[in-house]
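S.K.: Quick one: this structure, given as structure tokens, is what I'll be asking you about.
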Amino acid sequence: MSAMSISSSSSSSSSLSSSSSSKSWIVHGLVLGATTAAAIGAHFYLRRFRKFRSRVIGIIPARFASSRFEGKPLVDILGKPMIQRTYERAKLASMLDQVVVATDDNKIAECCRGFGADVIMTSESCQNGAERCSEALQKLNKKYDIVVNIQGDEPLIEPEIIDGIVKALQYAPDAVFSTAVTPLKPGDALDTNRVKCVVDNLGYAIYFSRGLIPYNKSGKVNPDFPYLLHLGIQSYDAEFLKIYPNLPPTPLQLEEDLEQLKVLENGYKLKVIKVEHEAHGVDVPEDVEKIERYMREKNLS
């Protein structure tokens with residue numbers, strides 16, 4: 001708080017400021033209370049669903065209008081659209097009973113049907129991949145226990161990683177979400193397109209950030225610290241995914257623009273597995289050349 005003023009005019013101004021501040025905190029408290037109530041209600045609802053989660057679907061959310069890379073799912077990577085490469089890798093996972101593409105764009109839908117993928121059309125109002133997966137899930141005729149959100153910009157995602165996060169969620173009944181991390185390359189430490197993660201000793205996420213975490217006193221990257229890079233793939237408890245879009249946005253989620261933070265801020269557990277994965281996703285046009293170069297080096301067709 002600012003120092004108390006000795007003038008009557010300043011005192012009056014201070015009173016108005018205090019009143020305004022009080023109103024602000026009251027509004028903040030009401031919003032926080034609503035958020036807390038929604039979260040508590042969701043927790044109560046989910047406690048009814050603690051049977052073993054066996055039925056699994058993989059959903060690849062894809063949109064054409066991206067601020068960083070418009071039309072990204074259709075970009076050519078060594079002769080195939082990126083969305084096709086992602087779909088073909090996902091189909092190799094043994095834990096998925098079905099794989100579908102969820103999109104709001106007819107060009108993407110037509111492309112996907114062309115190479116044999118099942119497509120679910122979703123609305124343009126979806127704010128992120130989780131919301132698109134949630135809408136797609138509700139349009140399916142079958143019931144599933146786990147939904148795997150497979151980012152369409154991970155054309156070299158390993159089927160073993162998909163299987164790994166499914167198993168992680170299956171054997172962590174207190175978690176509603178699971179994902180994977182891999183060692184962060186020093187050159188990506190300050191890249192805000194590369195999301196970093198910190199994990200506790202039991203394998204649950206503590207925080208995600210576009211900035212470097214942890215951040216030491218020197219303000220420099222520590223070459224000896226095992227920083228973790230978040231991979232885009234993640235899986236959800238299907239009942240939680242129905243609730244997720246109705247949870248109000250949270251401050252950290254909005255500040256970092258990371259959907260995982262809304263899960264953590266509402267008090268849910270998020271299980272993390274650590275994997276070795278060299279080829280990362282395509283965030284910006286420059287990443288396409290990196291992926292193609294990596295594929296040529298590893299003789300991947």
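Identifiers for the structure tokens are assigned positionally: chains receive A, B, ... in sequence, residues are indexed from 1 per chain, and ligands are indexed from 1 in the order shown.
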Which residues, written as a short mmCIF file (atom, residue, chain, number, x, y, z; two decimals) with N, CA, C and O atoms, in the first residue's frame, have at least one atom at most 12 Å from A:Asp257, with only C-alpha atoms counted and residues fewer than 2 positions away on the same chain left out?

M.R.:
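The resulting selection-v5.cif:
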```
data_model
loop_
_atom_site.label_atom_id
_atom_site.label_comp_id
_atom_site.auth_asym_id
_atom_site.auth_seq_id
_atom_site.Cartn_x
_atom_site.Cartn_y
_atom_site.Cartn_z
N GLN A 127 -11.50 -22.99 -28.14
CA GLN A 127 -10.36 -22.15 -27.78
C GLN A 127 -9.02 -22.88 -27.84
O GLN A 127 -7.97 -22.26 -27.98
N ASN A 128 -9.05 -24.20 -27.71
CA ASN A 128 -7.81 -24.97 -27.71
C ASN A 128 -8.11 -26.42 -28.07
O ASN A 128 -9.27 -26.80 -28.31
N THR A 192 10.11 -19.35 -26.53
CA THR A 192 8.79 -19.36 -25.89
C THR A 192 7.81 -20.30 -26.58
O THR A 192 6.72 -20.57 -26.05
N ASN A 193 8.15 -20.80 -27.76
CA ASN A 193 7.32 -21.80 -28.41
C ASN A 193 7.55 -23.19 -27.82
O ASN A 193 6.76 -24.11 -28.07
N VAL A 195 7.51 -25.30 -24.62
CA VAL A 195 6.94 -25.24 -23.27
C VAL A 195 7.74 -26.12 -22.31
O VAL A 195 8.01 -27.28 -22.62
N PHE A 208 3.86 -25.58 -15.69
CA PHE A 208 4.28 -25.48 -17.10
C PHE A 208 4.52 -24.00 -17.40
O PHE A 208 3.81 -23.13 -16.88
N SER A 209 5.49 -23.71 -18.25
CA SER A 209 5.75 -22.32 -18.60
C SER A 209 6.41 -22.20 -19.97
O SER A 209 7.12 -23.11 -20.41
N ARG A 210 6.17 -21.06 -20.60
CA ARG A 210 6.88 -20.76 -21.84
C ARG A 210 8.28 -20.22 -21.53
O ARG A 210 9.17 -20.24 -22.36
N GLY A 211 8.45 -19.74 -20.31
CA GLY A 211 9.75 -19.28 -19.87
C GLY A 211 10.57 -20.45 -19.35
O GLY A 211 10.06 -21.58 -19.22
N PRO A 249 -11.80 -19.83 -17.25
CA PRO A 249 -10.37 -19.62 -17.49
C PRO A 249 -9.68 -19.16 -16.20
O PRO A 249 -10.30 -18.50 -15.36
N THR A 250 -8.43 -19.52 -16.04
CA THR A 250 -7.69 -19.19 -14.83
C THR A 250 -6.57 -18.21 -15.14
O THR A 250 -6.10 -18.13 -16.28
N PRO A 251 -6.12 -17.45 -14.15
CA PRO A 251 -5.12 -16.41 -14.40
C PRO A 251 -3.82 -16.92 -15.03
O PRO A 251 -3.32 -16.33 -15.99
N LEU A 252 -3.28 -18.01 -14.51
CA LEU A 252 -2.03 -18.53 -15.06
C LEU A 252 -2.22 -19.06 -16.47
O LEU A 252 -1.36 -18.89 -17.34
N GLN A 253 -3.35 -19.71 -16.70
CA GLN A 253 -3.66 -20.21 -18.04
C GLN A 253 -3.68 -19.06 -19.05
O GLN A 253 -3.10 -19.16 -20.14
N LEU A 254 -4.33 -17.98 -18.68
CA LEU A 254 -4.45 -16.84 -19.59
C LEU A 254 -3.11 -16.15 -19.80
O LEU A 254 -2.78 -15.72 -20.90
N GLU A 255 -2.32 -16.05 -18.73
CA GLU A 255 -1.04 -15.35 -18.83
C GLU A 255 -0.03 -16.11 -19.69
O GLU A 255 0.68 -15.52 -20.50
N GLU A 259 -3.14 -24.51 -21.77
CA GLU A 259 -4.35 -25.12 -21.24
C GLU A 259 -4.08 -26.03 -20.05
O GLU A 259 -4.97 -26.26 -19.22
N GLN A 260 -2.87 -26.57 -19.93
CA GLN A 260 -2.55 -27.46 -18.82
C GLN A 260 -2.68 -26.74 -17.47
O GLN A 260 -2.99 -27.35 -16.45
N LEU A 261 -2.44 -25.44 -17.46
CA LEU A 261 -2.45 -24.69 -16.22
C LEU A 261 -3.86 -24.58 -15.63
O LEU A 261 -4.02 -24.49 -14.41
N LYS A 262 -4.87 -24.59 -16.49
CA LYS A 262 -6.24 -24.56 -15.95
C LYS A 262 -6.53 -25.83 -15.17
O LYS A 262 -7.26 -25.80 -14.17
#
```

S.K.: What lies within 12 Å of A:Lys298 using only C-alpha atoms, ignoring chain neighbours under 6 positions off, as a PyMOL selection string?

M.R.: chain A and resi 156+278-279+291-292

S.K.: How many Å separate atom CA of A:Gly114 from atom CA of A:Lys80?

M.R.: 11.9 Å

S.K.: Can you pull out every residue within 6 Å of stretch 97-101 of chain A, counting only C-alpha atoms, but drop anything in the same chain fewer than 4 positions away, and send it as a compact mmCIF listing (two decimals) with N, CA and C atoms, in the first residue's frame?

M.R.:
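The result, written out as result_16.txt:
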```txt
# COMPACT_ATOMS: atom_id res chain seq x y z
N VAL A 56 -10.19 -46.49 -25.09
CA VAL A 56 -9.34 -45.33 -25.41
C VAL A 56 -9.52 -44.88 -26.86
N ILE A 57 -9.68 -43.59 -27.05
CA ILE A 57 -9.73 -43.02 -28.39
C ILE A 57 -8.66 -41.95 -28.54
N GLY A 58 -8.05 -41.91 -29.72
CA GLY A 58 -7.11 -40.85 -30.04
C GLY A 58 -7.77 -39.83 -30.94
N ILE A 59 -7.72 -38.56 -30.56
CA ILE A 59 -8.32 -37.49 -31.35
C ILE A 59 -7.21 -36.51 -31.74
N ILE A 60 -7.15 -36.19 -33.03
CA ILE A 60 -6.16 -35.24 -33.53
C ILE A 60 -6.89 -33.94 -33.86
N PRO A 61 -6.83 -32.93 -32.97
CA PRO A 61 -7.47 -31.65 -33.28
C PRO A 61 -6.66 -30.89 -34.32
N ASP A 118 -11.04 -41.04 -40.29
CA ASP A 118 -12.37 -40.64 -39.83
C ASP A 118 -12.29 -39.20 -39.37
N VAL A 119 -13.29 -38.39 -39.73
CA VAL A 119 -13.27 -36.96 -39.42
C VAL A 119 -14.53 -36.56 -38.68
```

S.K.: Find the distance between atom CA of A:Glu160 and atom CA of A:Asp145 and write it in Å to one decimal.

M.R.: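 Interatomic distance here is 19.5 Å.
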